[in-house]
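A.B. asks: One structure, pasted below without further comment.
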Amino acid sequence: MSGKLAAQIGINLQELSRVTEQLAPLISKGATADLDVIETSAVAAMLHSFYTLIEKILELIARDVDQTIPGAGAWHRDLIEQMMQPTVSRQAVITEDLGAKLKEYLAFRHLFRGASIALMRWNKMQPLADRAGETLQQFEREVTLFLRQTSLS
């Protein structure tokens with residue numbers, strides 16, 4: 001693993017933290033009232049960014065460490081699967097538990113990219129938004145552990 005990879009992951013983790021922090025006030029507001037269309041659109045865009053940054057980190061690892069990324073078709077889902085599996089050169093990057101959570105964000109990402117933002121509904125996004133902070137913490141723990149174990153090899 002290159003030092004450049006660790007630096008790139010660090011930058012993306014910082015950005016992921018910023019997105020999660022920016023999402024927090026909307027989550028708080030949504031706990032007591034429905035969000036309006038602008039706020040709902042903001043949450044949708046932030047959840048999309050949240051998952052996209054996670055996927056970018058996983059793709060960086062796949063390119064640098066595995067030296068391969070999944071091909072066309074269901075490559076987004078296949079990338080998560082690839083990162084859950086150990087290889088001869090590395091342990092699993094993420095646990096199956098985290099992989100299952102990420103697949104929920106991926107499903108939302110597909111919806112976001114394929115549907116009008118006006119169709120987004122707070123009550124449908126709220127569970128993902130509510131778990132974003134917890135998911136980020138788990139992702140940071142697992143990626144940090146992977147980086148430590150990989151650099152010791």
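Identifiers in the structure tokens: chain A, B, ... in order shown; residue index from 1 per chain; ligand index from 1 in order shown.
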Would you pick out the contacts of Ile27 (chain A) at 8 Å or less, using only C-alpha atoms, so that residues sharing its chain but fewer than 6 positions from it are not included, and give the list as a PyMOL selection string?
C.D. replies: chain A and resi 126+129-130
A.B. asks: For the residues in that selection, give me N, CA and C atoms as a compact mmCIF listing (two decimals), in the first residue's frame.
C.D. replies:
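File produced: out-v8.txt:
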```txt
# COMPACT_ATOMS: atom_id res chain seq x y z
N GLN A 126 -35.29 9.17 6.01
CA GLN A 126 -34.95 9.40 7.42
C GLN A 126 -34.15 8.27 8.05
N ALA A 129 -30.60 8.65 6.88
CA ALA A 129 -30.02 9.88 7.44
C ALA A 129 -29.70 9.69 8.91
N ASP A 130 -30.65 9.08 9.64
CA ASP A 130 -30.44 8.86 11.08
C ASP A 130 -29.23 7.98 11.37
```
A.B. asks: Please return, as number ranges by chain, all residues of chain A that DSSP assigns to alpha helix (DSSP H) on the basis of the backbone.
C.D. replies: A: 3-32, 37-61, 75-84, 96-114, 122-152
A.B. asks: If you keep C-alpha atoms, can you produce a file of those selected residues as a short mmCIF file (atom, residue, chain, number, x, y, z; two decimals), in the first residue's frame?
C.D. replies:
```cif
data_model
loop_
_atom_site.label_atom_id
_atom_site.label_comp_id
_atom_site.auth_asym_id
_atom_site.auth_seq_id
_atom_site.Cartn_x
_atom_site.Cartn_y
_atom_site.Cartn_z
CA GLY A 3 1.51 6.44 1.37
CA LYS A 4 -0.40 8.27 -1.33
CA LEU A 5 -3.34 5.90 -0.84
CA ALA A 6 -3.45 6.56 2.91
CA ALA A 7 -3.37 10.32 2.26
CA GLN A 8 -6.18 10.09 -0.30
CA ILE A 9 -8.27 8.03 2.09
CA GLY A 10 -7.64 10.57 4.85
CA ILE A 11 -8.81 13.46 2.66
CA ASN A 12 -11.96 11.59 1.70
CA LEU A 13 -12.68 10.63 5.32
CA GLN A 14 -12.44 14.31 6.28
CA GLU A 15 -14.89 15.24 3.54
CA LEU A 16 -17.19 12.42 4.65
CA SER A 17 -17.14 13.83 8.18
CA ARG A 18 -18.04 17.29 6.85
CA VAL A 19 -21.00 15.92 4.90
CA THR A 20 -22.22 14.06 7.99
CA GLU A 21 -21.85 17.20 10.15
CA GLN A 22 -23.79 19.26 7.58
CA LEU A 23 -26.53 16.64 7.55
CA ALA A 24 -26.97 16.69 11.35
CA PRO A 25 -29.12 19.86 11.65
CA LEU A 26 -31.55 18.55 9.05
CA ILE A 27 -31.79 15.21 10.83
CA SER A 28 -32.55 17.05 14.09
CA LYS A 29 -35.22 19.17 12.45
CA GLY A 30 -36.73 16.13 10.75
CA ALA A 31 -37.05 14.36 14.11
CA THR A 32 -39.81 16.78 15.15
CA VAL A 37 -39.00 20.17 -0.37
CA ILE A 38 -35.76 22.19 -0.25
CA GLU A 39 -34.62 20.52 2.97
CA THR A 40 -35.60 17.10 1.66
CA SER A 41 -33.65 17.78 -1.52
CA ALA A 42 -30.65 18.82 0.56
CA VAL A 43 -30.82 15.59 2.58
CA ALA A 44 -31.07 13.56 -0.64
CA ALA A 45 -28.02 15.29 -2.11
CA MET A 46 -26.04 14.83 1.11
CA LEU A 47 -26.92 11.13 1.35
CA HIS A 48 -25.81 10.74 -2.25
CA SER A 49 -22.52 12.48 -1.44
CA PHE A 50 -22.14 10.41 1.72
CA TYR A 51 -22.33 7.12 -0.16
CA THR A 52 -20.31 8.38 -3.14
CA LEU A 53 -17.41 9.32 -0.85
CA ILE A 54 -17.49 5.90 0.82
CA GLU A 55 -17.51 4.23 -2.57
CA LYS A 56 -14.61 6.41 -3.71
CA ILE A 57 -12.52 5.22 -0.75
CA LEU A 58 -13.37 1.58 -1.49
CA GLU A 59 -12.50 2.10 -5.14
CA LEU A 60 -9.13 3.66 -4.19
CA ILE A 61 -8.34 0.56 -2.12
CA TRP A 75 -19.95 -3.01 -10.30
CA HIS A 76 -21.09 -0.81 -7.39
CA ARG A 77 -22.54 -3.81 -5.52
CA ASP A 78 -19.61 -5.98 -6.64
CA LEU A 79 -17.16 -3.43 -5.18
CA ILE A 80 -18.80 -3.76 -1.77
CA GLU A 81 -18.63 -7.55 -2.09
CA GLN A 82 -14.96 -7.36 -3.11
CA MET A 83 -14.12 -5.26 -0.05
CA MET A 84 -15.90 -7.73 2.27
CA GLU A 96 -20.38 -8.11 6.26
CA ASP A 97 -22.41 -6.01 8.71
CA LEU A 98 -21.02 -2.79 7.26
CA GLY A 99 -21.37 -4.15 3.74
CA ALA A 100 -25.08 -4.72 4.31
CA LYS A 101 -25.49 -1.14 5.55
CA LEU A 102 -23.60 0.23 2.57
CA LYS A 103 -25.86 -1.70 0.20
CA GLU A 104 -28.81 0.24 1.62
CA TYR A 105 -27.06 3.54 0.84
CA LEU A 106 -26.19 2.20 -2.61
CA ALA A 107 -29.86 1.41 -3.26
CA PHE A 108 -30.70 5.00 -2.31
CA ARG A 109 -27.94 6.29 -4.59
CA HIS A 110 -29.51 4.42 -7.52
CA LEU A 111 -32.91 5.90 -6.66
CA PHE A 112 -31.45 9.40 -6.35
CA ARG A 113 -29.71 9.19 -9.71
CA GLY A 114 -32.71 7.73 -11.49
CA TRP A 122 -38.20 12.59 4.02
CA ASN A 123 -39.95 9.64 5.68
CA LYS A 124 -38.24 7.27 3.21
CA MET A 125 -34.78 8.83 3.67
CA GLN A 126 -34.95 9.40 7.42
CA PRO A 127 -33.70 5.94 8.46
CA LEU A 128 -30.59 6.32 6.27
CA ALA A 129 -30.02 9.88 7.44
CA ASP A 130 -30.44 8.86 11.08
CA ARG A 131 -27.82 6.09 10.70
CA ALA A 132 -25.29 8.14 8.71
CA GLY A 133 -23.22 9.17 11.74
CA GLU A 134 -23.13 5.62 13.12
CA THR A 135 -22.31 4.22 9.68
CA LEU A 136 -19.50 6.75 9.27
CA GLN A 137 -18.01 5.78 12.63
CA GLN A 138 -18.09 2.09 11.73
CA PHE A 139 -16.61 2.79 8.30
CA GLU A 140 -13.80 4.91 9.79
CA ARG A 141 -13.00 2.19 12.35
CA GLU A 142 -12.88 -0.57 9.77
CA VAL A 143 -10.87 1.38 7.18
CA THR A 144 -8.45 2.64 9.85
CA LEU A 145 -7.95 -0.93 11.10
CA PHE A 146 -7.36 -2.07 7.52
CA LEU A 147 -4.79 0.70 6.97
CA ARG A 148 -2.95 -0.16 10.20
CA GLN A 149 -2.87 -3.87 9.46
CA THR A 150 -1.85 -3.32 5.85
CA SER A 151 0.99 -0.97 6.73
CA LEU A 152 2.33 -3.51 9.25
#
```
